[in-house]
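One structure is given here, and the rest of the page talks about it.
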Amino acid sequence: MIITKIINGKEISQKVRDSLIPRIDALKAKSVVPGLAVVLVGEDPASQVYVKMKQRAFEKMGLLSETIKKPVDTTKEELMNLIDELNADEKFHGILVQLPLPGHLDEKDVFDRIDPWKDADGLLPANMGKMLLEMDGPLPCTPHGVLMLLKYSGIETSGKHVVVIGRSNIVGKPIANLLLQKKDIGNATVTLCHSRTKDLKSITKQADILIAAIGVPEFVDSSFVKDGVIIIDVGVNRVDDATKKKGYRLVGDVNFDDVFEVASAITPVPGGVGPMTIAMLIYNTVYLAEKKLESK
Ligand code: NAP
C-alpha cells in the first residue's frame with residue numbers, strides 16, 4: 001500500500017502568512033499599512049461568508065480591510081464611480097469586487113475600471129497578460145495558492161505531466177499557464193481538459209499530478225487516476241446533508257475516500273486549496289503596497 005499524505009492547506013497557508021510578517025513590518029516602519037477594499041453588491045449568502053472570512057484574515061494580520069456593501073439594485077454608473085473613488089484612495093493598495101455580481105452588472109466593466117496596480121485578485125486582463133509573458137504583477141489567488149501548496153509540500157513539477165480538469169479564467173487556465181512557466185514550480189508538461197474532452201479518463205490516467213477545478217461534487221474517483229498520483233482538489237461544492245446543522249456539507253470535485261489509497265498525496269476539502277486563496281489575497285495586497293511605495 002502507498003502511504004498517502006494529506007496536503008494540509010491550513011498549515012501551508014499559515015506558513016505563507018508567516019513569511020509575509022517581515023515584509024508587513026518593513027512597510028509599517030515606513031507608515032504604510034497594506035489595505036484592501038472589498039466591494040460586495042447584493043445579498044448573495046456565500047459571498048457574504050467569503051467577504052467576512054477575508055475581512056477577519058486581514059484583521060488578524062494587522063492589515064486594513066474595509067468592506068463596502070452596496071444594494072442589489074446598484075447601477076453600473078454607481079459601481080464605476082465607487083471603483084474610481086477606491087482607485088484614488090491611497091489607503092487601499094488592493095481592490096476586490098466580490099463575484100458573482102447581480103445579473104444587470106457585467107464583471108468585464110469592473111475589470112476595465114480597476115487600476116491594474118490595485119488588482120488584489122490578479123484577474124484583470126493586464127495582469128493575466130503579464131502572467132502569460134512571465135512579467136512582474138499580481139497573480140490570480142487560487143492558482144498561485146495551488147503553486148504554493150506544491151512548493152511547500154516539496155512536490156517536484158519539472159518534467160511532470162500535470163493534467164488540469166477545468167478551463168475557467170479564474171482557476172483552470174491560469175493554473176495550466178503557471179505550471180508551464182520556466183520557474184521552480186513550473187516546467188511541467190500540461191494537459192488542460194474540459195467538458196468537450198474526449199475519453200477524459202485515458203488522459204487523467206497519465207497524470208503525475210491531477211488538478212480538479214470542475215465544480216461537480218466528487219466527480220473524480222479512482223477510475224480516473226494511476227497509482228501514486230498527486231491530487232489537488234480545487235472544487236468546493238455544497239451537498240445536502242441532513243446530519244449537519246447547516247443542512248449541507250462541503251465536498252470537493254474529487255471523491256476523497258475513493259482515491260485516498262491510490263494517491264501519494266492529496267488535498268482535502270475543506271482545508272486544502274481554500275485557505276490558500278485567502279493567504280494569496282493577503283500576499284497580493286502586501287505586494288501591491290510594496291510596489292506603490294517603490295513607485296513614489
Ligand atoms: P467553472 O467556471 O464552472 O469551470 C468549470 C470547468 O470544468 C469548465 O471548464 C468546464 O468545462 C469543466 N467541466 C465541467 N464539467 C465537466 C466534465 N464533466 N468533464 C470535464 N470538464 C468539465 O468553475 P471554476 O470557477 O473554475 O471553479 C471550479 C471549482 O473550483 C468550483 O467547485 C469552485 O467552487 C471551486 N473554486 C474554489 C476556489 C477555492 O478558493 N478553493 C476558488 C475558485 C473556485 P467547459 O469549459 O467545457 O464548460
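By convention here, the chains of the C-alpha cells are called A, B, ... in the order presented, each chain's residues are numbered starting at 1, and ligands are numbered starting at 1 in the order presented.
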*Quick one: residues within 6 Å of Val254 in chain A, only C-alpha atoms counted, chain neighbours fewer than 5 positions away excluded, as a ChimeraX atom specification?*
/A:218-220
_Env of range 82-92 of chain A: 8 Å cut, atoms = only C-alpha atoms, seq-sep filter 2 positions within chain, self excluded. Answer as a list in words._
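Counting only C-alpha atoms, the residues come to Val33, Pro34, Gly35, Leu36, Ala37, Glu78, Leu79, Met80, Gly94, Ile95, Val110, Arg113, Ile114, Asp115 and Lys118 of chain A.
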*For ligand 1, which of A:Glu156, A:Asp208, A:Asp253, A:Glu11 is the closest residue, counting only C-alpha atoms and all ligand atoms?*
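Of A:Glu156, A:Asp208, A:Asp253, A:Glu11, the one nearest ligand 1 is A:Asp253, counting only C-alpha atoms and all ligand atoms.
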*Please measure the separation of CA of Ile12 in chain A and CA of Ser153 in chain A, giving the value in Å to one decimal.*
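Result for CA of Ile12 in chain A versus CA of Ser153 in chain A: 8.3 Å, one decimal.
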Could I get the residues of chain A with an atom no further than 6 Å from an atom of ligand 1, each paired with its nearest atom pair and that distance in Å to one decimal, using only C-alpha atoms and all ligand atoms, sorted by chain and residue number, as JSON lines?
```
{"residue": "A:Thr142", "atom": "CA", "partner": "ligand 1", "partner_atom_place_in_ligand_line": "40 (O)", "distance": 5.4}
{"residue": "A:Ile165", "atom": "CA", "partner": "ligand 1", "partner_atom_place_in_ligand_line": "21 (N)", "distance": 5.5}
{"residue": "A:Gly166", "atom": "CA", "partner": "ligand 1", "partner_atom_place_in_ligand_line": "6 (C)", "distance": 3.6}
{"residue": "A:Arg167", "atom": "CA", "partner": "ligand 1", "partner_atom_place_in_ligand_line": "9 (O)", "distance": 3.7}
{"residue": "A:Ser168", "atom": "CA", "partner": "ligand 1", "partner_atom_place_in_ligand_line": "26 (O)", "distance": 4.4}
{"residue": "A:Ile170", "atom": "CA", "partner": "ligand 1", "partner_atom_place_in_ligand_line": "26 (O)", "distance": 6.0}
{"residue": "A:Val171", "atom": "CA", "partner": "ligand 1", "partner_atom_place_in_ligand_line": "26 (O)", "distance": 4.7}
{"residue": "A:Gly172", "atom": "CA", "partner": "ligand 1", "partner_atom_place_in_ligand_line": "26 (O)", "distance": 5.8}
{"residue": "A:His194", "atom": "CA", "partner": "ligand 1", "partner_atom_place_in_ligand_line": "21 (N)", "distance": 3.5}
{"residue": "A:Ser195", "atom": "CA", "partner": "ligand 1", "partner_atom_place_in_ligand_line": "21 (N)", "distance": 3.6}
{"residue": "A:Arg196", "atom": "CA", "partner": "ligand 1", "partner_atom_place_in_ligand_line": "47 (O)", "distance": 5.5}
{"residue": "A:Ala213", "atom": "CA", "partner": "ligand 1", "partner_atom_place_in_ligand_line": "28 (C)", "distance": 4.0}
{"residue": "A:Ile214", "atom": "CA", "partner": "ligand 1", "partner_atom_place_in_ligand_line": "7 (O)", "distance": 3.5}
{"residue": "A:Gly215", "atom": "CA", "partner": "ligand 1", "partner_atom_place_in_ligand_line": "32 (O)", "distance": 3.3}
{"residue": "A:Val234", "atom": "CA", "partner": "ligand 1", "partner_atom_place_in_ligand_line": "30 (O)", "distance": 4.7}
{"residue": "A:Gly235", "atom": "CA", "partner": "ligand 1", "partner_atom_place_in_ligand_line": "32 (O)", "distance": 3.4}
{"residue": "A:Val236", "atom": "CA", "partner": "ligand 1", "partner_atom_place_in_ligand_line": "32 (O)", "distance": 4.1}
{"residue": "A:Asn237", "atom": "CA", "partner": "ligand 1", "partner_atom_place_in_ligand_line": "32 (O)", "distance": 5.3}
{"residue": "A:Val273", "atom": "CA", "partner": "ligand 1", "partner_atom_place_in_ligand_line": "41 (N)", "distance": 4.7}
{"residue": "A:Gly274", "atom": "CA", "partner": "ligand 1", "partner_atom_place_in_ligand_line": "41 (N)", "distance": 3.7}
{"residue": "A:Thr277", "atom": "CA", "partner": "ligand 1", "partner_atom_place_in_ligand_line": "40 (O)", "distance": 4.8}
```
Could you please take those selected residues and save N, CA, C and O atoms as a short mmCIF file (atom, residue, chain, number, x, y, z; two decimals), in the first residue's frame?
```cif
data_model
loop_
_atom_site.label_atom_id
_atom_site.label_comp_id
_atom_site.auth_asym_id
_atom_site.auth_seq_id
_atom_site.Cartn_x
_atom_site.Cartn_y
_atom_site.Cartn_z
N THR A 142 -6.17 31.87 -6.41
CA THR A 142 -6.32 30.42 -6.24
C THR A 142 -5.21 29.66 -7.00
O THR A 142 -4.56 28.78 -6.42
N ILE A 165 -8.26 19.55 -14.97
CA ILE A 165 -9.64 19.45 -15.49
C ILE A 165 -10.34 20.75 -15.13
O ILE A 165 -10.48 21.08 -13.95
N GLY A 166 -10.77 21.48 -16.16
CA GLY A 166 -11.42 22.79 -15.96
C GLY A 166 -10.61 23.88 -16.61
O GLY A 166 -9.40 23.95 -16.42
N ARG A 167 -11.29 24.74 -17.41
CA ARG A 167 -10.59 25.77 -18.17
C ARG A 167 -11.14 27.17 -17.87
O ARG A 167 -11.23 28.01 -18.76
N SER A 168 -11.57 27.40 -16.61
CA SER A 168 -12.12 28.72 -16.30
C SER A 168 -11.00 29.76 -16.27
O SER A 168 -9.81 29.42 -16.11
N ILE A 170 -10.58 31.94 -13.97
CA ILE A 170 -10.07 32.22 -12.62
C ILE A 170 -9.26 31.05 -12.05
O ILE A 170 -8.47 31.25 -11.14
N VAL A 171 -9.48 29.84 -12.56
CA VAL A 171 -8.75 28.70 -11.99
C VAL A 171 -7.97 27.93 -13.07
O VAL A 171 -6.74 27.99 -13.13
N GLY A 172 -8.69 27.18 -13.91
CA GLY A 172 -8.04 26.21 -14.80
C GLY A 172 -6.99 26.82 -15.72
O GLY A 172 -5.84 26.35 -15.76
N HIS A 194 -11.53 19.69 -20.43
CA HIS A 194 -12.78 20.40 -20.18
C HIS A 194 -13.94 19.50 -20.59
O HIS A 194 -13.72 18.31 -20.90
N SER A 195 -15.15 20.07 -20.64
CA SER A 195 -16.32 19.22 -20.84
C SER A 195 -16.38 18.60 -22.24
O SER A 195 -17.11 17.65 -22.47
N ARG A 196 -15.62 19.14 -23.19
CA ARG A 196 -15.63 18.58 -24.55
C ARG A 196 -14.46 17.61 -24.77
O ARG A 196 -14.29 17.11 -25.88
N ALA A 213 -10.68 21.23 -11.14
CA ALA A 213 -11.37 22.53 -10.95
C ALA A 213 -12.61 22.52 -11.83
O ALA A 213 -12.68 23.20 -12.85
N ILE A 214 -13.56 21.70 -11.42
CA ILE A 214 -14.70 21.36 -12.28
C ILE A 214 -16.01 21.96 -11.76
O ILE A 214 -16.84 22.44 -12.53
N GLY A 215 -16.20 21.87 -10.44
CA GLY A 215 -17.46 22.34 -9.86
C GLY A 215 -18.54 21.27 -9.88
O GLY A 215 -19.72 21.56 -9.81
N VAL A 234 -9.45 21.54 -6.27
CA VAL A 234 -9.81 22.95 -6.11
C VAL A 234 -11.31 23.10 -5.79
O VAL A 234 -11.74 24.09 -5.23
N GLY A 235 -12.08 22.12 -6.12
CA GLY A 235 -13.54 22.21 -6.01
C GLY A 235 -14.06 22.47 -4.61
O GLY A 235 -13.50 21.97 -3.62
N VAL A 236 -15.08 23.28 -4.53
CA VAL A 236 -15.82 23.48 -3.28
C VAL A 236 -17.30 23.40 -3.64
O VAL A 236 -17.81 24.26 -4.36
N ASN A 237 -17.96 22.35 -3.20
CA ASN A 237 -19.37 22.15 -3.56
C ASN A 237 -20.18 21.85 -2.30
O ASN A 237 -19.72 21.11 -1.42
N VAL A 273 -7.10 23.69 -0.73
CA VAL A 273 -6.85 24.90 -1.55
C VAL A 273 -7.52 26.14 -0.95
O VAL A 273 -6.97 27.24 -1.01
N GLY A 274 -8.70 25.96 -0.34
CA GLY A 274 -9.48 27.10 0.18
C GLY A 274 -8.67 28.09 1.01
O GLY A 274 -8.64 29.29 0.68
N THR A 277 -6.29 30.46 -0.91
CA THR A 277 -6.80 31.57 -1.71
C THR A 277 -6.75 32.87 -0.88
O THR A 277 -6.33 33.92 -1.38
#
```
*Show which residues sit within 12 Å of Phe111 in chain A, as a count of residues only. Count only C-alpha atoms, and ignore same-chain residues fewer than 2 positions away.*
28
_Selection: 8 Å around Thr67 in chain A, only C-alpha atoms, excl. self and same-chain fewer than 3 positions, as a ChimeraX atom specification_ = /A:37-40,51,55
*List every residue of range 47-277 of chain A that DSSP, applied to the backbone of this structure, assigns to alpha helix (DSSP H), and report them as a PyMOL selection string.*
chain A and resi 47-60+76-88+107-113+125-132+141-152+172-180+200-204+256-259+273-277
_Just checking: using only C-alpha atoms, which residue out of A:Ile209, A:Ile230, A:Leu179, A:Ile21 ends up closest to Glu134 in chain A?_
A:Leu179
*Shell of 10 Å around Lys151 in chain A, only C-alpha atoms, local chain residues under 6 positions omitted, as a VMD selection string*: chain A and resid 12 145 157 184 to 185
Dump as a PDB file, in the first residue's frame, selection limited to N, CA, C and O atoms:
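Everything below was put into out_16.pdb:
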```
ATOM      1  N   ILE A  12      -0.047  25.156   5.521  1.00  0.00           N
ATOM      2  CA  ILE A  12       0.775  25.828   4.498  1.00  0.00           C
ATOM      3  C   ILE A  12       0.355  27.291   4.361  1.00  0.00           C
ATOM      4  O   ILE A  12       1.207  28.169   4.225  1.00  0.00           O
ATOM      5  N   GLY A 145      -2.114  30.002  -5.149  1.00  0.00           N
ATOM      6  CA  GLY A 145      -2.203  29.180  -3.937  1.00  0.00           C
ATOM      7  C   GLY A 145      -1.879  27.717  -4.222  1.00  0.00           C
ATOM      8  O   GLY A 145      -1.218  27.044  -3.424  1.00  0.00           O
ATOM      9  N   THR A 157       7.646  19.609  -9.864  1.00  0.00           N
ATOM     10  CA  THR A 157       6.752  19.690 -11.030  1.00  0.00           C
ATOM     11  C   THR A 157       7.504  19.592 -12.360  1.00  0.00           C
ATOM     12  O   THR A 157       6.912  19.243 -13.380  1.00  0.00           O
ATOM     13  N   ASP A 184      10.741  27.608 -10.811  1.00  0.00           N
ATOM     14  CA  ASP A 184      10.933  26.487  -9.875  1.00  0.00           C
ATOM     15  C   ASP A 184       9.713  25.578  -9.828  1.00  0.00           C
ATOM     16  O   ASP A 184       9.820  24.364  -9.980  1.00  0.00           O
ATOM     17  N   ILE A 185       8.551  26.203  -9.542  1.00  0.00           N
ATOM     18  CA  ILE A 185       7.314  25.412  -9.605  1.00  0.00           C
ATOM     19  C   ILE A 185       6.739  25.688 -10.989  1.00  0.00           C
ATOM     20  O   ILE A 185       6.055  26.668 -11.214  1.00  0.00           O
TER      21      ILE A 185
END
```
_From a backbone DSSP assignment, name each residue in range 38-89 of chain A labelled strand (DSSP E), as a list in words._
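For range 38-89 of chain A, the strand (DSSP E) set is Val38, Val39, Leu40, Val41, Leu64, Ser65, Glu66, Thr67, Ile68, Lys69 and Lys70 of chain A.
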*Would you work out the distance separating CA of Trp117 in chain A from CA of Leu288 in chain A, expressed in Å to one decimal?*
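Pair CA of Trp117 in chain A / CA of Leu288 in chain A returns 6.5 Å.
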_Residue with smallest distance to Pro270 in chain A - pool A:Leu27, A:Val251, A:Ile282, A:Val163, counting only C-alpha atoms_ =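 Closest candidate: A:Val251.
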*Find the residue from A:Ala279, A:Gly247, A:Lys10, A:Glu294 that sits nearest to Lys60 in chain A; use only C-alpha atoms when measuring.*
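When distances to Lys60 in chain A are compared using only C-alpha atoms, the smallest one comes from A:Ala279.
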*Identify, on the basis of only C-alpha atoms, every residue whose closest approach to Asn177 in chain A does not exceed 12 Å; exclude the query and any residue fewer than 3 positions from it along the same chain; express the result as number ranges by chain.*
A: 128-134, 139-140, 143-144, 147, 162-164, 167-174, 180-183, 185-192
_Counting only C-alpha atoms, which residue out of A:Val269, A:Val229, A:Val262, A:Ala26 sits closest to Pro217 in chain A?_
A:Val269
